[in-house]
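First comes the structure, then the notes that go with it.
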Amino acid sequence: MVAPLSSEGTGQHIQFIVRVHQAYMTYQHLLAIWQAADSLGYDGASLYDLLAAPCLECWTTLTMLTMETRRICAIPMVLSNTYRHPAVLAKMAATLDIVSGGRLVLGLGAGGSQRDHEASGIPWRPLQERLVQLEDGIQLLRFLWSGQEGPFKSRSYGTVEGSGFPQPIQPGGPPILVGGHGERYVLRTVARVADLCNIGFDLSPVQWQRYKQMLERVACEEGRTPAAIRLTHNATVILGSSTEMIQTQVERYAQMQGLSAEAAKQRLAHALVGTPEQCVARLQAYVTLGIRTFFLVFPDLPDLDSLMLFAAKVLPAFRSGRP
(Lines give C-alpha, C1' and ligand atoms only; values in the text may rest on other atoms or scores of the structure.)
Protein backbone atom coordinates (compact mmCIF):
# COMPACT_ATOMS: atom_id res chain seq x y z
CA MET A 1 0.00 0.00 0.00
CA VAL A 2 1.38 3.42 -0.97
CA ALA A 3 1.47 5.88 1.94
CA PRO A 4 -0.76 8.93 1.40
CA LEU A 5 1.05 11.99 0.10
CA SER A 6 -0.85 15.17 0.80
CA SER A 7 -1.07 17.99 -1.72
CA GLU A 8 -2.18 20.28 1.08
CA GLY A 9 -0.29 23.56 1.04
CA THR A 10 0.52 23.40 -2.64
CA GLY A 11 -2.34 25.78 -3.40
CA GLN A 12 -3.43 23.58 -6.30
CA HIS A 13 -4.97 20.16 -6.76
CA ILE A 14 -2.52 17.81 -8.48
CA GLN A 15 -4.03 16.72 -11.78
CA PHE A 16 -3.47 13.54 -13.77
CA ILE A 17 -4.47 13.49 -17.44
CA VAL A 18 -4.52 10.37 -19.63
CA ARG A 19 -2.66 11.38 -22.79
CA VAL A 20 -3.90 9.25 -25.68
CA HIS A 21 -2.07 8.89 -28.99
CA GLN A 22 -4.95 7.36 -30.91
CA ALA A 23 -3.25 5.91 -34.00
CA TYR A 24 -4.89 2.61 -35.04
CA MET A 25 -7.44 2.84 -32.22
CA THR A 26 -11.14 2.48 -32.95
CA TYR A 27 -13.78 4.72 -31.45
CA GLN A 28 -14.77 1.83 -29.18
CA HIS A 29 -11.18 1.67 -27.89
CA LEU A 30 -11.17 5.39 -27.16
CA LEU A 31 -14.58 5.33 -25.52
CA ALA A 32 -13.44 2.57 -23.17
CA ILE A 33 -10.29 4.53 -22.25
CA TRP A 34 -12.13 7.79 -21.63
CA GLN A 35 -14.92 6.21 -19.62
CA ALA A 36 -12.39 4.28 -17.53
CA ALA A 37 -10.46 7.50 -16.88
CA ASP A 38 -13.70 9.21 -15.91
CA SER A 39 -14.67 6.52 -13.41
CA LEU A 40 -11.19 5.87 -11.98
CA GLY A 41 -10.53 9.42 -10.78
CA TYR A 42 -8.32 10.89 -13.49
CA ASP A 43 -8.83 14.60 -14.12
CA GLY A 44 -8.84 14.61 -17.91
CA ALA A 45 -8.04 12.84 -21.14
CA SER A 46 -6.61 13.97 -24.44
CA LEU A 47 -6.19 13.14 -28.12
CA TYR A 48 -3.54 14.30 -30.56
CA ASP A 49 -4.05 16.31 -33.74
CA LEU A 50 -2.46 14.75 -36.82
CA LEU A 51 -4.12 14.78 -40.22
CA ALA A 52 -1.94 12.27 -42.06
CA ALA A 53 -1.70 9.71 -39.25
CA PRO A 54 -3.93 6.59 -39.25
CA CYS A 55 -6.28 7.89 -36.58
CA LEU A 56 -9.68 9.47 -36.01
CA GLU A 57 -9.74 13.28 -36.31
CA CYS A 58 -8.99 14.97 -33.01
CA TRP A 59 -11.74 17.55 -32.50
CA THR A 60 -14.69 15.53 -33.76
CA THR A 61 -13.71 12.52 -31.65
CA LEU A 62 -12.89 14.68 -28.63
CA THR A 63 -16.37 16.20 -28.76
CA MET A 64 -18.05 12.81 -28.96
CA LEU A 65 -16.02 11.45 -26.04
CA THR A 66 -16.74 14.51 -23.92
CA MET A 67 -20.45 13.85 -24.35
CA GLU A 68 -19.94 10.25 -23.18
CA THR A 69 -18.20 11.23 -19.92
CA ARG A 70 -19.43 13.11 -16.87
CA ARG A 71 -16.48 14.66 -15.08
CA ILE A 72 -13.12 14.68 -16.84
CA CYS A 73 -11.76 17.62 -18.84
CA ALA A 74 -11.23 17.23 -22.58
CA ILE A 75 -7.86 18.41 -23.88
CA PRO A 76 -6.55 18.31 -27.46
CA MET A 77 -2.78 17.75 -27.16
CA VAL A 78 -2.25 19.85 -29.10
CA LEU A 79 -4.25 21.34 -31.95
CA SER A 80 -2.07 22.67 -34.73
CA ASN A 81 -2.83 26.37 -35.06
CA THR A 82 -2.13 26.05 -38.79
CA TYR A 83 -5.02 23.61 -39.39
CA ARG A 84 -7.98 25.77 -38.29
CA HIS A 85 -8.57 29.51 -38.60
CA PRO A 86 -8.78 31.02 -35.09
CA ALA A 87 -12.24 32.48 -35.76
CA VAL A 88 -13.51 28.98 -36.59
CA LEU A 89 -11.72 27.45 -33.63
CA ALA A 90 -13.05 30.14 -31.27
CA LYS A 91 -16.61 29.14 -32.09
CA MET A 92 -15.81 25.41 -31.90
CA ALA A 93 -14.17 25.80 -28.49
CA ALA A 94 -16.87 28.08 -27.05
CA THR A 95 -19.53 25.61 -28.19
CA LEU A 96 -17.80 22.60 -26.64
CA ASP A 97 -17.17 24.53 -23.43
CA ILE A 98 -20.90 25.32 -23.21
CA VAL A 99 -22.26 21.86 -24.03
CA SER A 100 -19.71 20.10 -21.76
CA GLY A 101 -20.41 22.34 -18.78
CA GLY A 102 -16.98 23.99 -18.86
CA ARG A 103 -14.85 20.84 -19.24
CA LEU A 104 -12.46 22.05 -21.93
CA VAL A 105 -8.78 22.98 -21.79
CA LEU A 106 -7.67 24.17 -25.23
CA GLY A 107 -4.25 22.83 -26.16
CA LEU A 108 -2.59 24.68 -29.03
CA GLY A 109 0.74 24.53 -30.79
CA ALA A 110 2.48 26.16 -33.72
CA GLY A 111 2.34 22.95 -35.77
CA GLY A 112 5.09 20.52 -34.88
CA SER A 113 5.18 18.08 -37.80
CA GLN A 114 6.52 19.11 -41.16
CA ARG A 115 5.76 15.66 -42.55
CA ASP A 116 2.12 15.88 -41.45
CA HIS A 117 1.70 19.29 -43.08
CA GLU A 118 3.31 18.28 -46.35
CA ALA A 119 1.42 14.98 -46.52
CA SER A 120 -1.83 16.93 -46.06
CA GLY A 121 -1.00 19.60 -48.65
CA ILE A 122 -0.71 22.38 -46.03
CA PRO A 123 2.18 24.86 -46.38
CA TRP A 124 4.98 24.47 -43.85
CA ARG A 125 6.22 27.87 -42.65
CA PRO A 126 9.37 28.73 -40.66
CA LEU A 127 9.04 28.36 -36.88
CA GLN A 128 9.20 32.07 -36.13
CA GLU A 129 6.37 32.76 -38.58
CA ARG A 130 4.26 29.99 -37.09
CA LEU A 131 4.87 31.28 -33.54
CA VAL A 132 3.73 34.77 -34.57
CA GLN A 133 0.58 33.25 -36.04
CA LEU A 134 0.03 31.24 -32.86
CA GLU A 135 0.26 34.33 -30.64
CA ASP A 136 -2.01 36.30 -32.96
CA GLY A 137 -4.46 33.41 -33.04
CA ILE A 138 -4.64 33.14 -29.25
CA GLN A 139 -5.20 36.88 -28.90
CA LEU A 140 -8.02 36.61 -31.44
CA LEU A 141 -9.56 33.66 -29.58
CA ARG A 142 -9.64 35.64 -26.35
CA PHE A 143 -11.13 38.67 -28.05
CA LEU A 144 -13.92 36.60 -29.59
CA TRP A 145 -14.64 34.90 -26.26
CA SER A 146 -14.77 38.25 -24.46
CA GLY A 147 -18.05 39.29 -26.08
CA GLN A 148 -16.61 42.59 -27.26
CA GLU A 149 -17.66 44.01 -30.59
CA GLY A 150 -14.87 44.57 -33.10
CA PRO A 151 -13.21 45.30 -35.20
CA PHE A 152 -10.18 43.36 -33.98
CA LYS A 153 -7.10 43.84 -36.15
CA SER A 154 -4.54 41.06 -36.28
CA ARG A 155 -1.16 40.91 -38.00
CA SER A 156 -1.80 37.37 -39.24
CA TYR A 157 -5.56 37.20 -39.68
CA GLY A 158 -6.69 40.64 -40.78
CA THR A 159 -9.77 42.35 -39.35
CA VAL A 160 -12.45 40.40 -37.48
CA GLU A 161 -15.76 41.94 -36.38
CA GLY A 162 -16.42 39.60 -33.47
CA SER A 163 -20.20 39.30 -33.72
CA GLY A 164 -22.14 36.06 -33.45
CA PHE A 165 -19.91 34.25 -31.00
CA PRO A 166 -21.39 32.36 -28.02
CA GLN A 167 -19.85 33.08 -24.63
CA PRO A 168 -17.99 30.15 -23.06
CA ILE A 169 -19.04 29.00 -19.60
CA GLN A 170 -15.55 29.45 -18.19
CA PRO A 171 -14.88 33.15 -17.54
CA GLY A 172 -12.64 34.48 -20.29
CA GLY A 173 -12.94 31.19 -22.14
CA PRO A 174 -11.25 27.81 -21.70
CA PRO A 175 -7.71 27.84 -20.29
CA ILE A 176 -5.17 27.76 -23.11
CA LEU A 177 -2.27 25.33 -22.98
CA VAL A 178 0.63 25.98 -25.33
CA GLY A 179 2.74 22.96 -26.12
CA GLY A 180 5.69 22.26 -28.34
CA HIS A 181 9.40 21.70 -28.73
CA GLY A 182 12.23 24.12 -29.36
CA GLU A 183 11.96 25.34 -25.78
CA ARG A 184 13.95 28.52 -26.26
CA TYR A 185 11.28 29.89 -28.62
CA VAL A 186 8.20 28.16 -27.22
CA LEU A 187 8.83 29.46 -23.69
CA ARG A 188 8.66 33.04 -24.95
CA THR A 189 5.29 32.33 -26.56
CA VAL A 190 4.09 30.60 -23.40
CA ALA A 191 5.15 33.60 -21.33
CA ARG A 192 3.19 35.97 -23.54
CA VAL A 193 -0.12 34.20 -24.08
CA ALA A 194 -0.52 30.81 -22.33
CA ASP A 195 -2.24 29.70 -19.14
CA LEU A 196 -0.44 26.35 -19.11
CA CYS A 197 3.01 25.34 -20.35
CA ASN A 198 3.70 21.94 -21.93
CA ILE A 199 7.18 21.28 -23.33
CA GLY A 200 9.32 18.24 -23.99
CA PHE A 201 8.74 14.66 -22.92
CA ASP A 202 10.04 12.70 -19.92
CA LEU A 203 12.14 15.66 -18.83
CA SER A 204 14.29 15.18 -15.76
CA PRO A 205 13.80 17.31 -12.64
CA VAL A 206 17.13 19.00 -13.46
CA GLN A 207 15.90 19.94 -16.94
CA TRP A 208 12.63 21.19 -15.48
CA GLN A 209 14.42 23.34 -12.94
CA ARG A 210 16.29 25.04 -15.78
CA TYR A 211 13.16 25.53 -17.91
CA LYS A 212 11.22 26.82 -14.93
CA GLN A 213 13.88 29.44 -14.23
CA MET A 214 13.90 30.43 -17.92
CA LEU A 215 10.11 30.72 -17.98
CA GLU A 216 10.02 32.80 -14.80
CA ARG A 217 12.59 35.20 -16.23
CA VAL A 218 10.83 35.53 -19.58
CA ALA A 219 7.41 35.94 -17.93
CA CYS A 220 8.72 38.85 -15.88
CA GLU A 221 10.19 40.38 -19.03
CA GLU A 222 6.75 40.11 -20.65
CA GLY A 223 5.04 41.72 -17.68
CA ARG A 224 3.34 38.56 -16.40
CA THR A 225 3.39 36.90 -12.99
CA PRO A 226 5.19 33.53 -13.32
CA ALA A 227 2.72 31.92 -10.91
CA ALA A 228 -0.08 32.61 -13.42
CA ILE A 229 1.43 30.04 -15.81
CA ARG A 230 0.81 26.45 -14.77
CA LEU A 231 3.55 23.91 -15.49
CA THR A 232 2.58 20.53 -16.96
CA HIS A 233 4.76 17.45 -17.35
CA ASN A 234 4.57 14.67 -19.98
CA ALA A 235 5.46 11.24 -18.64
CA THR A 236 5.60 7.74 -20.07
CA VAL A 237 4.19 5.26 -17.53
CA ILE A 238 5.41 1.66 -17.35
CA LEU A 239 4.07 0.29 -14.11
CA GLY A 240 4.30 -3.15 -12.55
CA SER A 241 4.04 -4.90 -9.23
CA SER A 242 7.26 -6.87 -9.73
CA THR A 243 10.66 -6.49 -11.38
CA GLU A 244 9.79 -9.24 -13.84
CA MET A 245 6.55 -7.55 -14.87
CA ILE A 246 8.28 -4.21 -15.37
CA GLN A 247 11.08 -5.77 -17.43
CA THR A 248 8.55 -7.51 -19.68
CA GLN A 249 6.74 -4.22 -20.29
CA VAL A 250 9.98 -2.38 -21.04
CA GLU A 251 10.89 -5.07 -23.59
CA ARG A 252 7.45 -4.76 -25.16
CA TYR A 253 7.84 -0.97 -25.28
CA ALA A 254 11.22 -1.29 -27.02
CA GLN A 255 9.71 -3.64 -29.59
CA MET A 256 6.74 -1.33 -30.25
CA GLN A 257 9.06 1.65 -30.70
CA GLY A 258 11.59 -0.24 -32.81
CA LEU A 259 14.36 0.41 -30.27
CA SER A 260 17.22 -1.65 -28.96
CA ALA A 261 17.16 -2.51 -25.25
CA GLU A 262 19.84 0.11 -24.58
CA ALA A 263 18.06 2.81 -26.60
CA ALA A 264 14.80 2.10 -24.77
CA LYS A 265 16.59 2.32 -21.43
CA GLN A 266 18.02 5.72 -22.36
CA ARG A 267 14.68 7.05 -23.60
CA LEU A 268 12.95 5.92 -20.41
CA ALA A 269 15.65 7.22 -18.07
CA HIS A 270 13.33 9.82 -16.54
CA ALA A 271 9.99 8.16 -17.29
CA LEU A 272 7.68 6.74 -14.63
CA VAL A 273 9.04 3.21 -14.79
CA GLY A 274 8.80 0.96 -11.77
CA THR A 275 6.56 -0.13 -8.96
CA PRO A 276 3.77 2.14 -7.70
CA GLU A 277 5.98 3.20 -4.79
CA GLN A 278 8.81 4.14 -7.14
CA CYS A 279 6.44 6.11 -9.37
CA VAL A 280 5.11 8.05 -6.39
CA ALA A 281 8.66 8.98 -5.38
CA ARG A 282 9.50 10.13 -8.91
CA LEU A 283 6.33 12.17 -9.19
CA GLN A 284 7.02 13.86 -5.86
CA ALA A 285 10.29 15.24 -7.25
CA TYR A 286 8.28 17.10 -9.92
CA VAL A 287 5.61 18.22 -7.47
CA THR A 288 8.37 19.73 -5.33
CA LEU A 289 9.39 21.81 -8.38
CA GLY A 290 5.88 23.23 -8.60
CA ILE A 291 4.41 21.00 -11.30
CA ARG A 292 0.76 20.26 -10.61
CA THR A 293 -0.46 18.71 -13.88
CA PHE A 294 0.82 15.43 -15.32
CA PHE A 295 0.01 14.08 -18.79
CA LEU A 296 0.44 10.31 -18.65
CA VAL A 297 1.16 8.14 -21.70
CA PHE A 298 0.40 4.46 -21.08
CA PRO A 299 2.14 2.54 -23.91
CA ASP A 300 -0.10 -0.51 -23.46
CA LEU A 301 -3.32 1.35 -24.36
CA PRO A 302 -5.94 0.41 -25.45
CA ASP A 303 -5.33 -2.31 -22.87
CA LEU A 304 -6.49 -0.81 -19.55
CA ASP A 305 -4.33 -2.75 -17.07
CA SER A 306 -1.73 -0.02 -16.45
CA LEU A 307 -4.37 2.70 -16.41
CA MET A 308 -6.24 0.81 -13.68
CA LEU A 309 -3.12 -0.05 -11.67
CA PHE A 310 -1.97 3.57 -11.64
CA ALA A 311 -5.43 4.68 -10.49
CA ALA A 312 -5.50 2.07 -7.73
CA LYS A 313 -1.95 2.41 -6.41
CA VAL A 314 -0.55 5.83 -7.39
CA LEU A 315 -3.47 8.27 -7.54
CA PRO A 316 -4.45 7.76 -3.87
CA ALA A 317 -1.03 9.03 -2.78
CA PHE A 318 -1.89 12.44 -4.28
CA ARG A 319 -5.55 12.63 -3.32
CA SER A 320 -5.15 13.07 0.43
CA GLY A 321 -5.74 16.71 1.23
CA ARG A 322 -7.58 17.32 -2.05
CA PRO A 323 -9.52 20.61 -1.87
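Simple scheme: letters A, B, ... for chains in C-alpha coordinates order, numbers from 1 for residues in each chain, numbers from 1 for ligands in the order shown.
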
At a cut-off of 12 Å, using only C-alpha atoms, what residues contact Gly109 (chain A)? Leave out same-chain residues fewer than 6 positions from it and give the result as a ChimeraX atom specification. /A:48-50,76-84,127,130-135,137-138,176-182,186-187,189-190,193-194,196-199

Assign secondary structure with DSSP using the backbone only, and return the residues of region 94-285 of chain A in strand (DSSP E) as a PyMOL selection string. chain A and resi 106-109+152-154+158-160+176-180+196-199+230-239+272-274

For Gln249 (chain A), work out the shell of residues within 9 Å, counting only C-alpha atoms and skipping chain neighbours fewer than 6 positions away, then give it as a PyMOL selection string. chain A and resi 238-240+299-300

Measuring atom to atom with only C-alpha atoms, identify which of A:Ala32, A:Leu51, A:Val297, A:Val160 is nearest to Phe310 (chain A). A:Val297

Closest atom pairs, region 106-154 of chain A residues within 12 Å of region 162-175 of chain A, only C-alpha atoms, as CSV:
residue,atom,partner,partner_atom,distance
A:Leu106,CA,A:Pro175,CA,6.2
A:Gly107,CA,A:Pro175,CA,8.5
A:Leu108,CA,A:Pro175,CA,10.6
A:Ile138,CA,A:Pro175,CA,10.9
A:Gln139,CA,A:Gly172,CA,11.6
A:Leu140,CA,A:Gly162,CA,9.1
A:Leu141,CA,A:Gly173,CA,8.5
A:Arg142,CA,A:Gly172,CA,6.9
A:Phe143,CA,A:Gly162,CA,7.6
A:Leu144,CA,A:Gly162,CA,5.5
A:Trp145,CA,A:Gln167,CA,5.8
A:Ser146,CA,A:Gly172,CA,6.0
A:Gly147,CA,A:Gln167,CA,6.6
A:Gln148,CA,A:Gly162,CA,6.9
A:Glu149,CA,A:Gly162,CA,5.4
A:Gly150,CA,A:Gly162,CA,5.2
A:Pro151,CA,A:Gly162,CA,6.8
A:Phe152,CA,A:Gly162,CA,7.3
A:Lys153,CA,A:Gly162,CA,10.6

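Between CA of Tyr27 (chain A) and CA of Gly258 (chain A) the interatomic distance comes to 25.9 Å.
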
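Interatomic distance, CA of Ala110 (chain A) against CA of Val237 (chain A): 26.5 Å.
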
Best match for closeness to Ala227 (chain A) among A:Gly290, A:Pro126, A:Gly44, A:Gly121, counting only C-alpha atoms: A:Gly290

How many Å lie between CA of Thr236 (chain A) and CA of Ala271 (chain A), rounded to one decimal? 5.2 Å

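Shortest atom-to-atom contact with Gly41 (chain A) among A:Gln15, A:Gln278, A:Thr63, A:Gln22: A:Gln15, counting only C-alpha atoms.
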
Residues within 12 Å of Arg71 (chain A), please, as a VMD selection string. Count only C-alpha atoms; anything in the same chain fewer than 4 positions from it doesn't count. chain A and resid 34 to 45 65 to 67 100 to 104
